[in-house]
$ cat final13.txt   # compact mmCIF, N, CA and C atoms and all ligand atoms
# COMPACT_ATOMS: atom_id res chain seq x y z
N MET Q 208 61.73 150.87 120.40
CA MET Q 208 61.84 150.37 121.78
C MET Q 208 60.44 149.99 122.28
N PRO Q 209 60.27 148.76 122.73
CA PRO Q 209 58.94 148.36 123.21
C PRO Q 209 58.58 149.10 124.50
N LEU Q 210 57.33 149.32 124.68
CA LEU Q 210 56.87 150.00 125.88
C LEU Q 210 56.84 149.02 127.05
N LYS Q 211 57.12 149.55 128.23
CA LYS Q 211 57.18 148.69 129.42
C LYS Q 211 55.79 148.29 129.89
N ASP Q 212 54.89 149.26 129.93
CA ASP Q 212 53.56 149.00 130.48
C ASP Q 212 52.53 149.71 129.60
N PRO Q 213 52.34 149.19 128.38
CA PRO Q 213 51.53 149.92 127.41
C PRO Q 213 50.04 149.84 127.69
N ILE Q 214 49.38 150.94 127.44
CA ILE Q 214 47.92 150.94 127.44
C ILE Q 214 47.45 151.62 126.16
N ALA Q 215 46.28 151.24 125.70
CA ALA Q 215 45.72 151.85 124.50
C ALA Q 215 45.20 153.23 124.85
N ALA Q 216 45.78 154.25 124.21
CA ALA Q 216 45.41 155.63 124.54
C ALA Q 216 44.40 156.19 123.55
N TYR Q 217 44.38 155.62 122.34
CA TYR Q 217 43.54 156.24 121.32
C TYR Q 217 43.10 155.18 120.31
N ASN Q 218 41.82 155.18 120.00
CA ASN Q 218 41.29 154.33 118.94
C ASN Q 218 41.17 155.17 117.68
N ALA Q 219 42.02 154.88 116.71
CA ALA Q 219 41.99 155.66 115.47
C ALA Q 219 40.99 155.03 114.50
N SER Q 220 40.56 155.86 113.57
CA SER Q 220 39.62 155.36 112.57
C SER Q 220 40.33 154.79 111.36
N SER Q 221 41.64 155.03 111.27
CA SER Q 221 42.43 154.46 110.17
C SER Q 221 43.88 154.36 110.62
N ASN Q 222 44.64 153.53 109.92
CA ASN Q 222 46.06 153.41 110.25
C ASN Q 222 46.77 154.75 110.09
N LEU Q 223 46.35 155.49 109.07
CA LEU Q 223 46.94 156.80 108.83
C LEU Q 223 46.75 157.71 110.03
N GLU Q 224 45.53 157.71 110.55
CA GLU Q 224 45.25 158.55 111.71
C GLU Q 224 46.03 158.08 112.93
N ALA Q 225 46.14 156.77 113.08
CA ALA Q 225 46.90 156.23 114.21
C ALA Q 225 48.34 156.72 114.18
N HIS Q 226 48.94 156.73 112.99
CA HIS Q 226 50.32 157.20 112.86
C HIS Q 226 50.42 158.71 113.11
N LEU Q 227 49.37 159.41 112.69
CA LEU Q 227 49.32 160.85 112.91
C LEU Q 227 49.32 161.16 114.41
N VAL Q 228 48.48 160.44 115.14
CA VAL Q 228 48.38 160.64 116.59
C VAL Q 228 49.68 160.24 117.26
N CYS Q 229 50.26 159.15 116.77
CA CYS Q 229 51.52 158.66 117.33
C CYS Q 229 52.61 159.73 117.17
N THR Q 230 52.70 160.32 115.99
CA THR Q 230 53.68 161.36 115.72
C THR Q 230 53.46 162.57 116.62
N LEU Q 231 52.18 162.93 116.76
CA LEU Q 231 51.81 164.06 117.61
C LEU Q 231 52.31 163.85 119.03
N LEU Q 232 52.11 162.63 119.54
CA LEU Q 232 52.53 162.31 120.91
C LEU Q 232 54.05 162.29 121.00
N ASN Q 233 54.69 161.70 120.01
CA ASN Q 233 56.15 161.63 120.02
C ASN Q 233 56.76 163.03 120.04
N GLU Q 234 56.16 163.92 119.25
CA GLU Q 234 56.69 165.28 119.17
C GLU Q 234 56.53 166.02 120.50
N ALA Q 235 55.54 165.59 121.28
CA ALA Q 235 55.32 166.21 122.58
C ALA Q 235 56.12 165.50 123.67
N GLY Q 236 56.95 164.54 123.27
CA GLY Q 236 57.81 163.86 124.22
C GLY Q 236 57.16 162.66 124.89
N VAL Q 237 56.02 162.24 124.37
CA VAL Q 237 55.35 161.06 124.91
C VAL Q 237 55.66 159.88 123.99
N GLU Q 238 56.25 158.85 124.58
CA GLU Q 238 56.57 157.69 123.76
C GLU Q 238 55.29 156.95 123.39
N ALA Q 239 55.12 156.70 122.10
CA ALA Q 239 53.89 156.07 121.63
C ALA Q 239 54.20 155.12 120.49
N MET Q 240 53.35 154.13 120.34
CA MET Q 240 53.50 153.22 119.21
C MET Q 240 52.13 152.85 118.65
N VAL Q 241 52.12 152.53 117.38
CA VAL Q 241 50.86 152.20 116.71
C VAL Q 241 50.75 150.69 116.59
N VAL Q 242 49.60 150.19 116.94
CA VAL Q 242 49.31 148.78 116.68
C VAL Q 242 48.19 148.74 115.65
N GLU Q 243 48.54 148.25 114.48
CA GLU Q 243 47.58 148.25 113.38
C GLU Q 243 46.76 146.98 113.41
N ASP Q 244 45.67 147.02 114.13
CA ASP Q 244 44.70 145.95 114.11
C ASP Q 244 45.34 144.57 114.29
N VAL Q 245 45.64 144.24 115.52
CA VAL Q 245 46.33 143.00 115.86
C VAL Q 245 45.57 141.77 115.37
N SER Q 246 44.26 141.79 115.54
CA SER Q 246 43.49 140.59 115.23
C SER Q 246 43.60 140.21 113.76
N THR Q 247 43.52 141.21 112.89
CA THR Q 247 43.63 140.93 111.45
C THR Q 247 45.04 140.46 111.09
N ALA Q 248 46.03 141.13 111.69
CA ALA Q 248 47.42 140.76 111.41
C ALA Q 248 47.68 139.32 111.82
N GLY Q 249 47.08 138.90 112.93
CA GLY Q 249 47.27 137.54 113.41
C GLY Q 249 46.67 136.51 112.47
N LEU Q 250 45.60 136.89 111.82
CA LEU Q 250 44.93 135.95 110.93
C LEU Q 250 45.47 136.02 109.51
N TRP Q 251 46.26 137.05 109.27
CA TRP Q 251 46.75 137.29 107.92
C TRP Q 251 47.68 136.16 107.47
N VAL Q 252 47.37 135.54 106.36
CA VAL Q 252 48.19 134.42 105.90
C VAL Q 252 48.70 134.64 104.48
N GLY Q 253 48.86 135.91 104.07
CA GLY Q 253 49.42 136.16 102.76
C GLY Q 253 48.43 136.73 101.77
N GLY Q 254 47.16 136.72 102.15
CA GLY Q 254 46.15 137.29 101.27
C GLY Q 254 46.06 138.78 101.49
N THR Q 255 45.19 139.41 100.77
CA THR Q 255 44.98 140.84 100.94
C THR Q 255 44.10 141.07 102.17
N VAL Q 256 44.56 141.99 102.99
CA VAL Q 256 43.74 142.35 104.13
C VAL Q 256 42.66 143.31 103.63
N SER Q 257 41.46 142.80 103.57
CA SER Q 257 40.40 143.60 102.96
C SER Q 257 39.79 144.58 103.95
N GLU Q 258 39.88 144.26 105.22
CA GLU Q 258 39.22 145.12 106.20
C GLU Q 258 40.14 145.42 107.36
N ILE Q 259 40.42 146.68 107.55
CA ILE Q 259 41.19 147.12 108.70
C ILE Q 259 40.19 147.58 109.74
N HIS Q 260 40.33 147.06 110.92
CA HIS Q 260 39.37 147.43 111.96
C HIS Q 260 39.83 148.70 112.68
N LYS Q 261 40.09 148.60 113.94
CA LYS Q 261 40.45 149.81 114.69
C LYS Q 261 41.90 149.76 115.13
N PRO Q 262 42.79 150.45 114.41
CA PRO Q 262 44.16 150.55 114.88
C PRO Q 262 44.19 151.40 116.15
N GLN Q 263 45.11 151.05 117.04
CA GLN Q 263 45.19 151.77 118.31
C GLN Q 263 46.58 152.33 118.53
N VAL Q 264 46.60 153.43 119.27
CA VAL Q 264 47.88 154.03 119.66
C VAL Q 264 48.13 153.67 121.12
N PHE Q 265 49.27 153.06 121.36
CA PHE Q 265 49.63 152.65 122.72
C PHE Q 265 50.69 153.59 123.29
N ILE Q 266 50.55 153.87 124.57
CA ILE Q 266 51.56 154.69 125.27
C ILE Q 266 51.87 154.04 126.60
N GLU Q 267 52.90 154.53 127.26
CA GLU Q 267 53.20 154.07 128.61
C GLU Q 267 52.09 154.50 129.56
N ARG Q 268 51.75 153.62 130.47
CA ARG Q 268 50.70 153.94 131.42
C ARG Q 268 51.02 155.23 132.20
N ASP Q 269 52.30 155.40 132.49
CA ASP Q 269 52.72 156.58 133.26
C ASP Q 269 52.50 157.88 132.49
N ASP Q 270 52.39 157.79 131.17
CA ASP Q 270 52.30 158.99 130.33
C ASP Q 270 50.86 159.43 130.06
N ILE Q 271 49.90 158.69 130.59
CA ILE Q 271 48.51 158.94 130.20
C ILE Q 271 48.07 160.36 130.58
N GLU Q 272 48.56 160.86 131.71
CA GLU Q 272 48.14 162.20 132.12
C GLU Q 272 48.70 163.28 131.17
N ARG Q 273 49.91 163.01 130.66
CA ARG Q 273 50.50 163.96 129.71
C ARG Q 273 49.83 163.84 128.35
N ALA Q 274 49.46 162.61 127.99
CA ALA Q 274 48.91 162.37 126.66
C ALA Q 274 47.46 162.83 126.55
N ARG Q 275 46.72 162.78 127.66
CA ARG Q 275 45.29 163.02 127.58
C ARG Q 275 44.93 164.38 126.99
N PRO Q 276 45.56 165.50 127.48
CA PRO Q 276 45.21 166.80 126.86
C PRO Q 276 45.58 166.87 125.39
N LEU Q 277 46.66 166.20 124.99
CA LEU Q 277 47.05 166.21 123.58
C LEU Q 277 45.99 165.50 122.74
N LEU Q 278 45.51 164.38 123.27
CA LEU Q 278 44.50 163.62 122.53
C LEU Q 278 43.17 164.37 122.49
N THR Q 279 42.87 165.04 123.59
CA THR Q 279 41.64 165.85 123.63
C THR Q 279 41.72 166.96 122.59
N ASP Q 280 42.89 167.63 122.55
CA ASP Q 280 43.11 168.67 121.54
C ASP Q 280 42.93 168.11 120.14
N TYR Q 281 43.54 166.94 119.94
CA TYR Q 281 43.49 166.35 118.61
C TYR Q 281 42.04 166.06 118.22
N ASP Q 282 41.29 165.52 119.17
CA ASP Q 282 39.88 165.20 118.89
C ASP Q 282 39.08 166.45 118.56
N CYS Q 283 39.39 167.55 119.27
CA CYS Q 283 38.68 168.81 119.01
C CYS Q 283 38.97 169.29 117.59
N GLN Q 284 40.27 169.26 117.22
CA GLN Q 284 40.62 169.69 115.87
C GLN Q 284 39.97 168.78 114.84
N ASN Q 285 39.94 167.51 115.17
CA ASN Q 285 39.33 166.54 114.30
C ASN Q 285 37.84 166.85 114.11
N ALA Q 286 37.18 167.16 115.21
CA ALA Q 286 35.76 167.49 115.15
C ALA Q 286 35.55 168.74 114.31
N THR Q 287 36.47 169.71 114.47
CA THR Q 287 36.38 170.93 113.68
C THR Q 287 36.51 170.63 112.20
N ARG Q 288 37.53 169.81 111.88
CA ARG Q 288 37.73 169.44 110.48
C ARG Q 288 36.52 168.71 109.93
N THR Q 289 36.02 167.74 110.70
CA THR Q 289 34.88 166.96 110.25
C THR Q 289 33.67 167.86 110.05
N ALA Q 290 33.47 168.76 110.99
CA ALA Q 290 32.34 169.68 110.89
C ALA Q 290 32.51 170.59 109.68
N ALA Q 291 33.74 171.07 109.48
CA ALA Q 291 34.00 171.95 108.35
C ALA Q 291 33.74 171.23 107.04
N GLN Q 292 34.20 169.97 106.98
CA GLN Q 292 33.96 169.20 105.76
C GLN Q 292 32.47 169.01 105.53
N ARG Q 293 31.77 168.67 106.61
CA ARG Q 293 30.33 168.42 106.48
C ARG Q 293 29.64 169.72 106.08
N ASN Q 294 30.06 170.82 106.71
CA ASN Q 294 29.42 172.10 106.43
C ASN Q 294 29.66 172.54 105.00
N SER Q 295 30.89 172.38 104.54
CA SER Q 295 31.20 172.85 103.20
C SER Q 295 30.42 172.03 102.17
N ALA Q 296 30.12 170.79 102.51
CA ALA Q 296 29.34 169.97 101.59
C ALA Q 296 27.86 170.32 101.67
N ALA Q 297 27.40 170.61 102.88
CA ALA Q 297 25.96 170.77 103.07
C ALA Q 297 25.54 172.25 103.02
N VAL Q 298 26.42 173.14 103.44
CA VAL Q 298 26.05 174.55 103.55
C VAL Q 298 26.95 175.37 102.64
N ASP Q 299 26.38 176.10 101.72
CA ASP Q 299 27.17 176.93 100.83
C ASP Q 299 27.54 178.25 101.48
N PHE Q 300 26.66 178.74 102.32
CA PHE Q 300 26.96 179.99 103.00
C PHE Q 300 26.27 180.03 104.36
N ILE Q 301 26.79 180.90 105.19
CA ILE Q 301 26.23 181.08 106.53
C ILE Q 301 25.65 182.48 106.61
N GLN Q 302 24.42 182.57 107.02
CA GLN Q 302 23.81 183.88 107.24
C GLN Q 302 23.76 184.13 108.74
N MET Q 303 24.23 185.28 109.14
CA MET Q 303 24.23 185.60 110.57
C MET Q 303 24.15 187.11 110.75
N GLU Q 304 23.85 187.47 111.99
CA GLU Q 304 23.72 188.89 112.31
C GLU Q 304 25.02 189.34 112.96
N CYS Q 305 25.55 190.49 112.52
CA CYS Q 305 26.73 191.04 113.18
C CYS Q 305 26.38 191.36 114.62
N GLU Q 306 27.22 190.85 115.55
CA GLU Q 306 26.92 191.08 116.96
C GLU Q 306 27.14 192.53 117.37
N HIS Q 307 27.79 193.33 116.52
CA HIS Q 307 28.08 194.72 116.85
C HIS Q 307 27.07 195.68 116.24
N CYS Q 308 26.85 195.52 114.92
CA CYS Q 308 26.01 196.51 114.25
C CYS Q 308 24.68 195.92 113.76
N ARG Q 309 24.50 194.61 114.01
CA ARG Q 309 23.24 193.94 113.67
C ARG Q 309 22.97 193.88 112.17
N SER Q 310 23.99 194.09 111.36
CA SER Q 310 23.80 193.90 109.93
C SER Q 310 23.68 192.42 109.63
N LEU Q 311 22.92 192.10 108.61
CA LEU Q 311 22.83 190.72 108.17
C LEU Q 311 24.04 190.40 107.31
N LEU Q 312 24.83 189.44 107.75
CA LEU Q 312 26.07 189.11 107.06
C LEU Q 312 25.96 187.74 106.43
N GLN Q 313 26.74 187.54 105.39
CA GLN Q 313 26.76 186.25 104.71
C GLN Q 313 28.20 185.84 104.45
N PHE Q 314 28.54 184.64 104.93
CA PHE Q 314 29.89 184.13 104.72
C PHE Q 314 29.83 182.76 104.07
N ALA Q 315 30.91 182.40 103.39
CA ALA Q 315 30.99 181.04 102.82
C ALA Q 315 30.97 180.02 103.95
N GLY Q 316 30.34 178.90 103.68
CA GLY Q 316 30.24 177.85 104.69
C GLY Q 316 31.60 177.36 105.15
N SER Q 317 32.61 177.45 104.29
CA SER Q 317 33.95 176.99 104.64
C SER Q 317 34.61 177.89 105.69
N LEU Q 318 34.02 179.09 105.91
CA LEU Q 318 34.57 180.01 106.91
C LEU Q 318 34.02 179.75 108.30
N SER Q 319 33.18 178.74 108.41
CA SER Q 319 32.61 178.42 109.72
C SER Q 319 33.71 178.18 110.75
N GLY Q 320 33.57 178.80 111.93
CA GLY Q 320 34.55 178.62 112.98
C GLY Q 320 35.70 179.60 112.91
N THR Q 321 35.69 180.49 111.90
CA THR Q 321 36.76 181.47 111.80
C THR Q 321 36.27 182.83 112.26
N VAL Q 322 37.19 183.77 112.35
CA VAL Q 322 36.85 185.14 112.72
C VAL Q 322 37.02 186.02 111.48
N GLN Q 323 36.00 186.80 111.15
CA GLN Q 323 36.06 187.64 109.96
C GLN Q 323 35.71 189.08 110.33
N LEU Q 324 36.06 189.99 109.44
CA LEU Q 324 35.70 191.39 109.65
C LEU Q 324 34.28 191.63 109.13
N CYS Q 325 33.48 192.29 109.93
CA CYS Q 325 32.16 192.69 109.45
C CYS Q 325 32.36 193.77 108.40
N PRO Q 326 31.82 193.61 107.19
CA PRO Q 326 32.03 194.61 106.14
C PRO Q 326 31.33 195.93 106.44
N GLN Q 327 30.38 195.92 107.35
CA GLN Q 327 29.64 197.15 107.68
C GLN Q 327 30.37 197.98 108.73
N CYS Q 328 30.69 197.35 109.86
CA CYS Q 328 31.26 198.13 110.97
C CYS Q 328 32.75 197.86 111.17
N ARG Q 329 33.34 196.95 110.36
CA ARG Q 329 34.76 196.64 110.40
C ARG Q 329 35.21 196.09 111.75
N LYS Q 330 34.29 195.46 112.48
CA LYS Q 330 34.68 194.80 113.72
C LYS Q 330 34.75 193.29 113.50
N TYR Q 331 35.46 192.62 114.39
CA TYR Q 331 35.60 191.17 114.25
C TYR Q 331 34.33 190.46 114.69
N VAL Q 332 33.93 189.50 113.87
CA VAL Q 332 32.78 188.68 114.25
C VAL Q 332 33.18 187.20 114.14
N ASP Q 333 32.67 186.40 115.04
CA ASP Q 333 32.87 184.95 114.95
C ASP Q 333 31.85 184.39 113.98
N VAL Q 334 32.36 183.73 112.95
CA VAL Q 334 31.46 183.09 112.01
C VAL Q 334 31.03 181.74 112.60
N VAL Q 335 29.78 181.65 112.92
CA VAL Q 335 29.26 180.44 113.55
C VAL Q 335 28.14 179.87 112.71
N ASP Q 336 28.31 178.63 112.35
CA ASP Q 336 27.25 177.95 111.62
C ASP Q 336 26.23 177.42 112.63
N PRO Q 337 25.00 177.87 112.56
CA PRO Q 337 24.01 177.43 113.54
C PRO Q 337 23.76 175.92 113.48
N ASN Q 338 24.13 175.28 112.39
CA ASN Q 338 23.90 173.84 112.27
C ASN Q 338 25.07 173.01 112.78
N ALA Q 339 26.21 173.66 113.06
CA ALA Q 339 27.39 172.91 113.49
C ALA Q 339 27.29 172.56 114.97
N PRO Q 340 27.88 171.42 115.35
CA PRO Q 340 27.91 171.09 116.78
C PRO Q 340 28.76 172.09 117.54
N GLN Q 341 28.30 172.51 118.69
CA GLN Q 341 28.93 173.62 119.40
C GLN Q 341 29.63 173.19 120.69
N ASP Q 342 29.38 171.98 121.16
CA ASP Q 342 29.77 171.65 122.53
C ASP Q 342 31.28 171.67 122.75
N TRP Q 343 32.09 171.56 121.66
CA TRP Q 343 33.53 171.56 121.86
C TRP Q 343 34.08 172.97 121.89
N GLN Q 344 33.25 173.95 121.54
CA GLN Q 344 33.75 175.32 121.45
C GLN Q 344 33.91 175.93 122.85
N ILE Q 345 34.91 176.76 122.95
CA ILE Q 345 35.14 177.45 124.20
C ILE Q 345 34.15 178.63 124.29
N ALA Q 346 33.43 178.68 125.38
CA ALA Q 346 32.45 179.74 125.54
C ALA Q 346 33.14 181.09 125.54
N ASP Q 347 32.59 182.00 124.78
CA ASP Q 347 33.20 183.32 124.64
C ASP Q 347 32.56 184.28 125.62
N GLU Q 348 32.76 184.01 126.90
CA GLU Q 348 32.15 184.85 127.93
C GLU Q 348 33.24 185.30 128.91
N SER Q 349 33.27 186.57 129.17
CA SER Q 349 34.21 187.09 130.16
C SER Q 349 33.64 186.87 131.55
N PRO Q 350 34.50 186.56 132.49
CA PRO Q 350 34.00 186.32 133.85
C PRO Q 350 33.51 187.60 134.53
ZN ZN X 1 29.01 194.87 112.07

$ encode --input "final13.txt" --output "structure tokens" --more "lines below"
Ligand SMILES: [Zn+2]
Amino acid sequence: MPLKDPIAAYNASSNLEAHLVCTLLNEAGVEAMVVEDVSTAGLWVGGTVSEIHKPQVFIERDDIERARPLLTDYDCQNATRTAAQRNSAAVDFIQMECEHCRSLLQFAGSLSGTVQLCPQCRKYVDVVDPNAPQDWQIADESP
């Protein structure tokens, strides 16, 4: 079903991602559709499309308020995944101090962003890679 008043809600980096976002929105009850690079499709005359530019996810203008938190969530998870991938490639392990017992702990770089048990004091510690971008993380501070 075509959208009545579509606006571009998300610029995906690939058609696959565009469909992923579209599915995510659909599952949340937001009607969405993927437009896979209109400009290339318009010029396509039977040859191989060698370059896909920016596919976009379109939604109803009225749904933008509902869609925005979903897209923000998606971007956060995406950033986490990207950071995790980058970290696992660049960092083999994370060295950090246990916030409870001050022991020097070492975790695999792939555990960045997870919660693990401190082997010394058996309390939960947040594994934080000091090299990872932090701005999307929720501050762990009690009011
Ligand atoms: Zn500890």

$ residues_near_ligand --input "final13.txt" --ligand "ligand ZN 1 (chain X)" --cutoff "5 Å" --atoms "all atoms listed in the file" --output "ChimeraX atom specification"
/Q:305,307-309,325,327-328

$ atom_distance --input "final13.txt" --atom1 "atom CA of Arg288 of chain Q" --atom2 "atom CA of Gln263 of chain Q"
20.7 Å

$ atom_distance --input "final13.txt" --atom1 "atom CA of Asp299 of chain Q" --atom2 "atom CA of Tyr331 of chain Q"
21.3 Å

$ atom_distance --input "final13.txt" --atom1 "atom CA of Lys211 of chain Q" --atom2 "atom CA of Val264 of chain Q"
14.5 Å

$ closest_residue --input "final13.txt" --among "Q:Leu312, Q:Ala215, Q:Ile266, Q:Ala225" --to "Glu238 of chain Q" --atoms "all atoms listed in the file"
Q:Ile266

$ closest_residue --input "final13.txt" --among "Q:Ala219, Q:Ile301, Q:Cys229, Q:Ala235" --to "Ala315 of chain Q" --atoms "only N, CA and C atoms"
Q:Ile301

$ residues_around --input "final13.txt" --residues "Ala274 of chain Q" --least-positions-apart "4" --cutoff "7 Å" --atoms "only N, CA and C atoms" --output "number ranges by chain"
Q: 232, 237, 270, 278-279

$ closest_residue --input "final13.txt" --among "Q:Phe314, Q:Arg273, Q:Met303, Q:Ser221" --to "Lys261 of chain Q" --atoms "all atoms listed in the file"
Q:Ser221

$ closest_residue --input "final13.txt" --among "Q:Cys283, Q:Ile214, Q:Leu277, Q:Ala290" --to "Asn233 of chain Q" --atoms "only C-alpha atoms"
Q:Leu277
